[in-house]
Amino acid sequence: MKKNINVAVLVSGGGTNLQAIIDFSAEGKLESGKIVKVISSKADVFALTRAKDAEIPTAVVERKGKTQEEFENGILEQLESCKAEVIVLAGFMSILSKNFTDKYKDRIINVHPALIPSFCGEGYYGLKVHEAALAYGVKVTGATVHYVNEIADGGEIIMQKAVKVKEKDTPETLQKRVMQEAEWKILPASLELVCKKLLKEI
């Protein structure tokens with residue numbers, strides 16, 4: 001009987017969400033999944049160092065200078081080579097096409113730093129999400145883990161966690177708190193949930 005679902009993590013930057021998954025796995029909590037590869041859309045990002053430190057194989061598929069199709073084909077080659085069954089987008093800064101997401105239907109997950117359907121969709125990423133939340137004056141924000149389809153932040157919600165907005169918050173302080181209190185908790189937990197579900201279906 002199969003014990004683990006093979007997980008690939010796509011990154012583009014520092015890899016704090018990747019680190020949350022690595023730590024979760026090191027604590028023995030990722031019982032149904034195993035990280036088999038970290039794929040970055042940029043060379044020389046710290047996420048690759050985090051992966052190497054955890055002895056996880058890495059690959060770089062540069063986004064720059066490629067068409068969407070060439071870029072996605074490069075990623076697909078890497079995913080096939082490591083027999084990835086679930087994909088986590090952890091600070092991955094490219095929108096994937098319908099052609100790509102359909103190949104891994106209900107097998108790609110992403111974390112968004114707001115409570116979807118608030119402050120989500122095209123153009124809402126990174127600090128921009130927190131700037132919008134503060135400008136709107138919300139008292140509660142948070143993070144959402146969802147399945148990925150061709151619509152930015154449009155897939156089914158897997159898990160959400162709320163975070164209180166404080167009076168003196170800046171986009172930077174809010175971003176940090178949403179990461180620590182929500183993103184780093186619900187992304188690894190959601191990955192375990194998805195992997196466990198897939199194992200039951202095998």
# chains A, B, ... in the order shown; residues from 1 in each chain; ligands from 1
$ residues_around --residues "Ile186 of chain A" --least-positions-apart "2" --cutoff "12 Å" --atoms "only C-alpha atoms" --output "PyMOL selection string"
chain A and resi 17+20-21+24+109-113+142-146+157-162+178-184+188-194
$ write_last_selection --atoms "C-alpha atoms" --output "PDB file, in the first residue's frame"
ATOM      1  CA  ASN A  17       5.957  29.167   3.252  1.00  0.00           C
ATOM      2  CA  ALA A  20       6.752  26.128   7.133  1.00  0.00           C
ATOM      3  CA  ILE A  21       6.080  22.916   5.162  1.00  0.00           C
ATOM      4  CA  PHE A  24       5.886  20.600   9.569  1.00  0.00           C
ATOM      5  CA  ILE A 109      -2.931  24.249  -3.755  1.00  0.00           C
ATOM      6  CA  ASN A 110      -2.027  27.861  -3.015  1.00  0.00           C
ATOM      7  CA  VAL A 111      -2.092  30.116   0.024  1.00  0.00           C
ATOM      8  CA  HIS A 112      -3.473  33.635  -0.348  1.00  0.00           C
ATOM      9  CA  PRO A 113      -2.872  36.280   2.381  1.00  0.00           C
ATOM     10  CA  GLY A 142      -6.320  36.280   7.483  1.00  0.00           C
ATOM     11  CA  ALA A 143      -5.212  33.684   4.981  1.00  0.00           C
ATOM     12  CA  THR A 144      -6.879  31.148   2.709  1.00  0.00           C
ATOM     13  CA  VAL A 145      -5.600  27.905   1.235  1.00  0.00           C
ATOM     14  CA  HIS A 146      -7.452  26.970  -1.931  1.00  0.00           C
ATOM     15  CA  ILE A 157     -11.398  26.893  -0.480  1.00  0.00           C
ATOM     16  CA  ILE A 158      -9.693  24.209   1.627  1.00  0.00           C
ATOM     17  CA  MET A 159      -8.947  26.109   4.837  1.00  0.00           C
ATOM     18  CA  GLN A 160      -9.061  29.640   6.253  1.00  0.00           C
ATOM     19  CA  LYS A 161      -7.731  31.291   9.395  1.00  0.00           C
ATOM     20  CA  ALA A 162      -8.631  34.752  10.655  1.00  0.00           C
ATOM     21  CA  VAL A 178      -0.762  36.972   8.748  1.00  0.00           C
ATOM     22  CA  MET A 179       2.198  34.797   7.763  1.00  0.00           C
ATOM     23  CA  GLN A 180       3.042  33.750  11.323  1.00  0.00           C
ATOM     24  CA  GLU A 181      -0.499  33.298  12.641  1.00  0.00           C
ATOM     25  CA  ALA A 182      -2.241  31.974   9.531  1.00  0.00           C
ATOM     26  CA  GLU A 183      -0.242  31.108   6.394  1.00  0.00           C
ATOM     27  CA  TRP A 184       2.469  29.039   8.086  1.00  0.00           C
ATOM     28  CA  PRO A 188       1.091  22.652   5.831  1.00  0.00           C
ATOM     29  CA  ALA A 189      -2.152  21.467   7.494  1.00  0.00           C
ATOM     30  CA  SER A 190      -4.034  21.770   4.192  1.00  0.00           C
ATOM     31  CA  LEU A 191      -1.295  19.871   2.363  1.00  0.00           C
ATOM     32  CA  GLU A 192      -1.635  16.977   4.824  1.00  0.00           C
ATOM     33  CA  LEU A 193      -5.418  17.072   4.363  1.00  0.00           C
ATOM     34  CA  VAL A 194      -5.181  16.927   0.546  1.00  0.00           C
TER      35      VAL A 194
END
$ select_by_dssp --residues "segment 4-187 of chain A" --states "alpha helix (DSSP H)" --output "number ranges by chain"
A: 16-26, 46-53, 68-81, 98-103, 127-136, 171-178, 184-187
$ residues_around --residues "Leu18 of chain A" --least-positions-apart "3" --cutoff "12 Å" --atoms "only C-alpha atoms" --output "JSON, numbers by chain"
{"A": [7, 8, 9, 10, 11, 12, 13, 14, 15, 21, 22, 23, 24, 25, 35, 37, 38, 39, 40, 46, 47, 48, 49, 50, 51, 52, 54, 56, 87, 88, 89, 90, 91, 92, 110, 111, 179, 183, 184, 185, 187, 188, 191]}
$ residues_around --residues "segment 67-79 of chain A" --least-positions-apart "4" --cutoff "8 Å" --atoms "only C-alpha atoms" --output "PDB file with C-alpha atoms, in the first residue's frame"
ATOM      1  CA  ALA A   8       6.418  19.291  -5.502  1.00  0.00           C
ATOM      2  CA  ILE A  39      11.075  24.056  -8.434  1.00  0.00           C
ATOM      3  CA  ALA A  59      15.323  22.611 -10.118  1.00  0.00           C
ATOM      4  CA  VAL A  61      12.781  26.734 -14.634  1.00  0.00           C
ATOM      5  CA  GLU A  62      13.321  30.395 -15.478  1.00  0.00           C
ATOM      6  CA  ARG A  63      10.198  32.377 -16.336  1.00  0.00           C
ATOM      7  CA  LYS A  83       6.422  11.749 -10.254  1.00  0.00           C
ATOM      8  CA  ALA A  84       4.753  14.651  -8.430  1.00  0.00           C
ATOM      9  CA  LEU A  96      -0.789  29.074 -14.495  1.00  0.00           C
ATOM     10  CA  SER A  97      -2.905  28.430 -17.592  1.00  0.00           C
ATOM     11  CA  PHE A 100      -1.701  23.341 -16.896  1.00  0.00           C
TER      12      PHE A 100
END
$ residues_around --residues "Leu127 of chain A" --least-positions-apart "6" --cutoff "8 Å" --atoms "only C-alpha atoms" --output "list in words"
Pro171, Glu172 and Gln175 of chain A
$ write_last_selection --atoms "N, CA, C and O atoms" --output "PDB file, in the first residue's frame"
ATOM      1  N   PRO A 171       1.167  47.855   6.320  1.00  0.00           N
ATOM      2  CA  PRO A 171       1.101  46.663   5.466  1.00  0.00           C
ATOM      3  C   PRO A 171       2.174  45.632   5.844  1.00  0.00           C
ATOM      4  O   PRO A 171       1.918  44.426   5.825  1.00  0.00           O
ATOM      5  N   GLU A 172       3.346  46.123   6.246  1.00  0.00           N
ATOM      6  CA  GLU A 172       4.452  45.217   6.600  1.00  0.00           C
ATOM      7  C   GLU A 172       4.182  44.446   7.884  1.00  0.00           C
ATOM      8  O   GLU A 172       4.418  43.228   7.944  1.00  0.00           O
ATOM      9  N   GLN A 175       1.385  41.954   7.187  1.00  0.00           N
ATOM     10  CA  GLN A 175       1.876  40.836   6.373  1.00  0.00           C
ATOM     11  C   GLN A 175       2.590  39.808   7.246  1.00  0.00           C
ATOM     12  O   GLN A 175       2.352  38.593   7.124  1.00  0.00           O
TER      13      GLN A 175
END
$ residues_around --residues "segment 135-140 of chain A" --least-positions-apart "4" --cutoff "6 Å" --atoms "only C-alpha atoms" --output "JSON, numbers by chain"
{"A": [163, 164, 165]}
$ select_by_dssp --residues "segment 5-159 of chain A" --states "strand (DSSP E)" --output "PDB file with N, CA and C atoms, in the first residue's frame"
ATOM      1  N   ILE A   5       2.086  10.591  -0.677  1.00  0.00           N
ATOM      2  CA  ILE A   5       1.817  11.275  -1.935  1.00  0.00           C
ATOM      3  C   ILE A   5       3.034  12.148  -2.237  1.00  0.00           C
ATOM      4  N   ASN A   6       3.548  12.084  -3.462  1.00  0.00           N
ATOM      5  CA  ASN A   6       4.706  12.891  -3.852  1.00  0.00           C
ATOM      6  C   ASN A   6       4.297  14.350  -4.054  1.00  0.00           C
ATOM      7  N   VAL A   7       4.993  15.226  -3.363  1.00  0.00           N
ATOM      8  CA  VAL A   7       4.660  16.662  -3.380  1.00  0.00           C
ATOM      9  C   VAL A   7       5.798  17.461  -4.009  1.00  0.00           C
ATOM     10  N   ALA A   8       5.455  18.335  -4.952  1.00  0.00           N
ATOM     11  CA  ALA A   8       6.418  19.291  -5.502  1.00  0.00           C
ATOM     12  C   ALA A   8       5.985  20.684  -5.061  1.00  0.00           C
ATOM     13  N   VAL A   9       6.954  21.511  -4.697  1.00  0.00           N
ATOM     14  CA  VAL A   9       6.653  22.883  -4.252  1.00  0.00           C
ATOM     15  C   VAL A   9       7.241  23.860  -5.271  1.00  0.00           C
ATOM     16  N   LEU A  10       6.387  24.762  -5.781  1.00  0.00           N
ATOM     17  CA  LEU A  10       6.842  25.778  -6.733  1.00  0.00           C
ATOM     18  C   LEU A  10       7.063  27.086  -5.988  1.00  0.00           C
ATOM     19  N   VAL A  11       8.230  27.691  -6.208  1.00  0.00           N
ATOM     20  CA  VAL A  11       8.616  28.908  -5.477  1.00  0.00           C
ATOM     21  C   VAL A  11       9.165  29.968  -6.437  1.00  0.00           C
ATOM     22  N   GLY A  33       2.263  12.874   3.000  1.00  0.00           N
ATOM     23  CA  GLY A  33       2.958  13.456   1.851  1.00  0.00           C
ATOM     24  C   GLY A  33       4.462  13.499   2.047  1.00  0.00           C
ATOM     25  N   LYS A  34       5.180  13.580   0.928  1.00  0.00           N
ATOM     26  CA  LYS A  34       6.643  13.684   0.973  1.00  0.00           C
ATOM     27  C   LYS A  34       7.069  14.701  -0.079  1.00  0.00           C
ATOM     28  N   ILE A  35       7.871  15.696   0.336  1.00  0.00           N
ATOM     29  CA  ILE A  35       8.345  16.704  -0.624  1.00  0.00           C
ATOM     30  C   ILE A  35       9.457  16.069  -1.459  1.00  0.00           C
ATOM     31  N   VAL A  36       9.198  15.930  -2.752  1.00  0.00           N
ATOM     32  CA  VAL A  36      10.181  15.257  -3.616  1.00  0.00           C
ATOM     33  C   VAL A  36      10.993  16.240  -4.457  1.00  0.00           C
ATOM     34  N   LYS A  37      10.492  17.471  -4.625  1.00  0.00           N
ATOM     35  CA  LYS A  37      11.247  18.468  -5.393  1.00  0.00           C
ATOM     36  C   LYS A  37      10.747  19.876  -5.118  1.00  0.00           C
ATOM     37  N   VAL A  38      11.674  20.827  -5.141  1.00  0.00           N
ATOM     38  CA  VAL A  38      11.333  22.250  -5.087  1.00  0.00           C
ATOM     39  C   VAL A  38      11.758  22.855  -6.423  1.00  0.00           C
ATOM     40  N   ILE A  39      10.815  23.477  -7.109  1.00  0.00           N
ATOM     41  CA  ILE A  39      11.075  24.056  -8.434  1.00  0.00           C
ATOM     42  C   ILE A  39      10.902  25.567  -8.354  1.00  0.00           C
ATOM     43  N   SER A  40      11.941  26.301  -8.759  1.00  0.00           N
ATOM     44  CA  SER A  40      11.890  27.764  -8.694  1.00  0.00           C
ATOM     45  C   SER A  40      11.817  28.390 -10.086  1.00  0.00           C
ATOM     46  N   THR A  58      16.266  20.086  -6.029  1.00  0.00           N
ATOM     47  CA  THR A  58      15.758  21.355  -6.565  1.00  0.00           C
ATOM     48  C   THR A  58      15.948  21.430  -8.082  1.00  0.00           C
ATOM     49  N   ALA A  59      15.175  22.325  -8.688  1.00  0.00           N
ATOM     50  CA  ALA A  59      15.323  22.611 -10.118  1.00  0.00           C
ATOM     51  C   ALA A  59      14.937  24.061 -10.354  1.00  0.00           C
ATOM     52  N   VAL A  60      15.514  24.661 -11.379  1.00  0.00           N
ATOM     53  CA  VAL A  60      15.162  26.029 -11.753  1.00  0.00           C
ATOM     54  C   VAL A  60      14.597  26.010 -13.173  1.00  0.00           C
ATOM     55  N   VAL A  86       0.996  16.025  -6.135  1.00  0.00           N
ATOM     56  CA  VAL A  86       0.380  17.248  -5.595  1.00  0.00           C
ATOM     57  C   VAL A  86       1.394  18.373  -5.740  1.00  0.00           C
ATOM     58  N   ILE A  87       0.889  19.559  -6.087  1.00  0.00           N
ATOM     59  CA  ILE A  87       1.754  20.727  -6.263  1.00  0.00           C
ATOM     60  C   ILE A  87       1.329  21.812  -5.290  1.00  0.00           C
ATOM     61  N   VAL A  88       2.315  22.376  -4.582  1.00  0.00           N
ATOM     62  CA  VAL A  88       2.045  23.503  -3.686  1.00  0.00           C
ATOM     63  C   VAL A  88       2.675  24.752  -4.292  1.00  0.00           C
ATOM     64  N   LEU A  89       1.875  25.808  -4.429  1.00  0.00           N
ATOM     65  CA  LEU A  89       2.419  27.095  -4.856  1.00  0.00           C
ATOM     66  C   LEU A  89       2.753  27.872  -3.576  1.00  0.00           C
ATOM     67  N   ILE A 108      -3.468  20.982  -7.074  1.00  0.00           N
ATOM     68  CA  ILE A 108      -2.597  22.151  -6.906  1.00  0.00           C
ATOM     69  C   ILE A 108      -3.213  23.024  -5.820  1.00  0.00           C
ATOM     70  N   ILE A 109      -2.407  23.379  -4.806  1.00  0.00           N
ATOM     71  CA  ILE A 109      -2.931  24.249  -3.755  1.00  0.00           C
ATOM     72  C   ILE A 109      -2.065  25.506  -3.624  1.00  0.00           C
ATOM     73  N   ASN A 110      -2.692  26.572  -3.172  1.00  0.00           N
ATOM     74  CA  ASN A 110      -2.027  27.861  -3.015  1.00  0.00           C
ATOM     75  C   ASN A 110      -2.515  28.505  -1.729  1.00  0.00           C
ATOM     76  N   VAL A 111      -1.657  29.332  -1.136  1.00  0.00           N
ATOM     77  CA  VAL A 111      -2.092  30.116   0.024  1.00  0.00           C
ATOM     78  C   VAL A 111      -2.161  31.580  -0.397  1.00  0.00           C
ATOM     79  N   HIS A 112      -3.272  32.218  -0.024  1.00  0.00           N
ATOM     80  CA  HIS A 112      -3.473  33.635  -0.348  1.00  0.00           C
ATOM     81  C   HIS A 112      -3.591  34.409   0.966  1.00  0.00           C
ATOM     82  N   VAL A 140     -10.704  42.438  10.625  1.00  0.00           N
ATOM     83  CA  VAL A 140     -10.221  41.055  10.600  1.00  0.00           C
ATOM     84  C   VAL A 140      -9.759  40.731   9.180  1.00  0.00           C
ATOM     85  N   THR A 141      -8.587  40.132   9.076  1.00  0.00           N
ATOM     86  CA  THR A 141      -8.117  39.625   7.785  1.00  0.00           C
ATOM     87  C   THR A 141      -7.671  38.185   8.034  1.00  0.00           C
ATOM     88  N   GLY A 142      -6.745  37.657   7.249  1.00  0.00           N
ATOM     89  CA  GLY A 142      -6.320  36.280   7.483  1.00  0.00           C
ATOM     90  C   GLY A 142      -5.684  35.689   6.249  1.00  0.00           C
ATOM     91  N   ALA A 143      -5.769  34.382   6.142  1.00  0.00           N
ATOM     92  CA  ALA A 143      -5.212  33.684   4.981  1.00  0.00           C
ATOM     93  C   ALA A 143      -6.147  32.570   4.558  1.00  0.00           C
ATOM     94  N   THR A 144      -6.036  32.195   3.292  1.00  0.00           N
ATOM     95  CA  THR A 144      -6.879  31.148   2.709  1.00  0.00           C
ATOM     96  C   THR A 144      -6.015  30.187   1.904  1.00  0.00           C
ATOM     97  N   VAL A 145      -6.208  28.902   2.120  1.00  0.00           N
ATOM     98  CA  VAL A 145      -5.600  27.905   1.235  1.00  0.00           C
ATOM     99  C   VAL A 145      -6.713  27.393   0.331  1.00  0.00           C
ATOM    100  N   HIS A 146      -6.421  27.379  -0.967  1.00  0.00           N
ATOM    101  CA  HIS A 146      -7.452  26.970  -1.931  1.00  0.00           C
ATOM    102  C   HIS A 146      -6.837  26.132  -3.043  1.00  0.00           C
ATOM    103  N   TYR A 147      -7.707  25.368  -3.696  1.00  0.00           N
ATOM    104  CA  TYR A 147      -7.279  24.665  -4.906  1.00  0.00           C
ATOM    105  C   TYR A 147      -7.062  25.694  -6.002  1.00  0.00           C
ATOM    106  N   ILE A 157     -12.114  26.635  -1.736  1.00  0.00           N
ATOM    107  CA  ILE A 157     -11.398  26.893  -0.480  1.00  0.00           C
ATOM    108  C   ILE A 157     -11.215  25.588   0.309  1.00  0.00           C
ATOM    109  N   ILE A 158      -9.996  25.393   0.812  1.00  0.00           N
ATOM    110  CA  ILE A 158      -9.693  24.209   1.627  1.00  0.00           C
ATOM    111  C   ILE A 158      -9.703  24.582   3.111  1.00  0.00           C
ATOM    112  N   MET A 159      -9.069  25.704   3.436  1.00  0.00           N
ATOM    113  CA  MET A 159      -8.947  26.109   4.837  1.00  0.00           C
ATOM    114  C   MET A 159      -8.749  27.621   4.933  1.00  0.00           C
TER     115      MET A 159
END
$ atom_distance --atom1 "atom CA of Asp169 of chain A" --atom2 "atom CA of Tyr124 of chain A"
18.7 Å
$ atom_distance --atom1 "atom CA of Thr16 of chain A" --atom2 "atom CA of Lys176 of chain A"
10.7 Å
$ closest_residue --among "A:Ala152, A:Met93, A:Ile202, A:Cys195" --to "Leu30 of chain A" --atoms "only C-alpha atoms"
A:Cys195
$ atom_distance --atom1 "atom CA of Ala114 of chain A" --atom2 "atom CA of Val129 of chain A"
7.0 Å
$ residues_around --residues "Asp102 of chain A" --least-positions-apart "3" --cutoff "12 Å" --atoms "only C-alpha atoms" --output "PyMOL selection string"
chain A and resi 96-99+105-108+147-151+155
$ closest_residue --among "A:Ser41, A:Leu134, A:Gly123, A:Asp53" --to "Lys66 of chain A" --atoms "only C-alpha atoms"
A:Ser41
$ closest_residue --among "A:Glu85, A:Ile116, A:Ser94, A:Glu122" --to "Glu156 of chain A" --atoms "only C-alpha atoms"
A:Ile116
